[in-house]
Amino acid sequence: MGKDRCWWNNLAGFLAFEIGPAALGCNIKANISYNTGERIYHVPGQEYYWETRINLLKGERWFCSEEAARKAGWRKSRV
């Protein structure tokens, strides 16, 4: 039972992190390019939106508007 509970807690935490911000209207994912260090944001419907994962420890985050992302120094993904 301990392993099942641990698995469930990990899944619940992952889903809350992945779905929680979007449920609040903050569905813009902003990540940092591994290759260039550029700050890039992705909006729903863009090619890599669903593959993009946010790592808060690396300075990545969610935004509630494109304007807020741009003001913070991020650029929109070109794909």
# chains A, B, ... in the order shown; residues from 1 in each chain; ligands from 1
>>> residues_around(residues="range 50-55 of chain A", least_positions_apart="2", cutoff="10 Å", atoms="only C-alpha atoms", output="list in words")
Phe17, Glu18, Lys29, Ala30, Asn31, Ile32, Tyr41, His42, Val43, Pro44, Gly45, Gln46, Glu47, Tyr48, Leu57, Lys58, Gly59, Glu60, Arg61 and Trp62 of chain A
>>> residues_around(residues="Phe63 in chain A", least_positions_apart="3", cutoff="9 Å", atoms="only C-alpha atoms", output="short mmCIF file (atom, residue, chain, number, x, y, z; two decimals) with all heavy atoms, in the first residue's frame")
data_model
loop_
_atom_site.label_atom_id
_atom_site.label_comp_id
_atom_site.auth_asym_id
_atom_site.auth_seq_id
_atom_site.Cartn_x
_atom_site.Cartn_y
_atom_site.Cartn_z
N PRO A 21 -1.92 25.39 -13.37
CA PRO A 21 -1.82 26.76 -13.91
C PRO A 21 -2.77 27.00 -15.07
O PRO A 21 -3.38 28.06 -15.15
CB PRO A 21 -0.35 26.85 -14.35
CG PRO A 21 0.35 25.87 -13.48
CD PRO A 21 -0.63 24.74 -13.32
N GLY A 25 -6.15 29.74 -15.93
CA GLY A 25 -6.02 30.67 -17.05
C GLY A 25 -4.58 31.04 -17.37
O GLY A 25 -4.33 31.88 -18.22
N CYS A 26 -3.65 30.45 -16.68
CA CYS A 26 -2.22 30.73 -16.90
C CYS A 26 -1.62 29.57 -17.69
O CYS A 26 -0.92 28.72 -17.14
CB CYS A 26 -1.50 30.93 -15.58
SG CYS A 26 -2.19 32.30 -14.62
N ASN A 27 -1.94 29.52 -18.97
CA ASN A 27 -1.57 28.35 -19.77
C ASN A 27 -0.40 28.59 -20.71
O ASN A 27 -0.16 27.81 -21.62
CB ASN A 27 -2.79 27.86 -20.55
CG ASN A 27 -3.34 28.93 -21.48
OD1 ASN A 27 -2.88 30.06 -21.48
ND2 ASN A 27 -4.34 28.57 -22.25
N ILE A 28 0.36 29.65 -20.49
CA ILE A 28 1.52 29.92 -21.33
C ILE A 28 2.75 29.34 -20.63
O ILE A 28 3.07 29.71 -19.49
CB ILE A 28 1.67 31.44 -21.57
CG1 ILE A 28 0.44 31.94 -22.34
CG2 ILE A 28 2.97 31.73 -22.31
CD1 ILE A 28 0.37 33.43 -22.48
N LYS A 29 3.42 28.42 -21.31
CA LYS A 29 4.59 27.75 -20.76
C LYS A 29 5.84 28.48 -21.21
O LYS A 29 6.05 28.69 -22.40
CB LYS A 29 4.66 26.30 -21.24
CG LYS A 29 3.49 25.44 -20.80
CD LYS A 29 3.64 24.04 -21.35
CE LYS A 29 2.52 23.13 -20.91
NZ LYS A 29 2.73 21.75 -21.40
N ALA A 30 6.67 28.85 -20.26
CA ALA A 30 7.90 29.57 -20.58
C ALA A 30 9.10 28.74 -20.13
O ALA A 30 9.26 28.50 -18.93
CB ALA A 30 7.90 30.94 -19.91
N TYR A 41 8.56 31.35 -24.82
CA TYR A 41 7.26 30.91 -24.30
C TYR A 41 6.45 30.25 -25.41
O TYR A 41 6.63 30.51 -26.59
CB TYR A 41 6.50 32.05 -23.62
CG TYR A 41 5.98 33.15 -24.52
CD1 TYR A 41 4.75 33.03 -25.16
CD2 TYR A 41 6.69 34.33 -24.69
CE1 TYR A 41 4.25 34.05 -25.95
CE2 TYR A 41 6.21 35.35 -25.47
CZ TYR A 41 4.99 35.21 -26.10
OH TYR A 41 4.49 36.22 -26.90
N GLU A 66 0.47 36.69 -22.87
CA GLU A 66 1.65 36.87 -23.70
C GLU A 66 2.32 38.20 -23.36
O GLU A 66 3.56 38.30 -23.37
CB GLU A 66 1.29 36.81 -25.18
CG GLU A 66 0.92 35.42 -25.65
CD GLU A 66 0.78 35.33 -27.15
OE1 GLU A 66 1.80 35.56 -27.85
OE2 GLU A 66 -0.34 35.04 -27.61
N ALA A 68 2.52 39.66 -20.47
CA ALA A 68 3.33 39.48 -19.26
C ALA A 68 4.63 38.75 -19.58
O ALA A 68 5.69 39.09 -19.04
CB ALA A 68 2.53 38.72 -18.21
N ALA A 69 4.56 37.75 -20.46
CA ALA A 69 5.76 37.01 -20.84
C ALA A 69 6.75 37.93 -21.55
O ALA A 69 7.95 37.92 -21.24
CB ALA A 69 5.38 35.83 -21.73
#
>>> select_by_dssp(residues="range 19-75 of chain A", states="strand (DSSP E)", output="ChimeraX atom specification")
/A:28-32,39-42,61-63,75
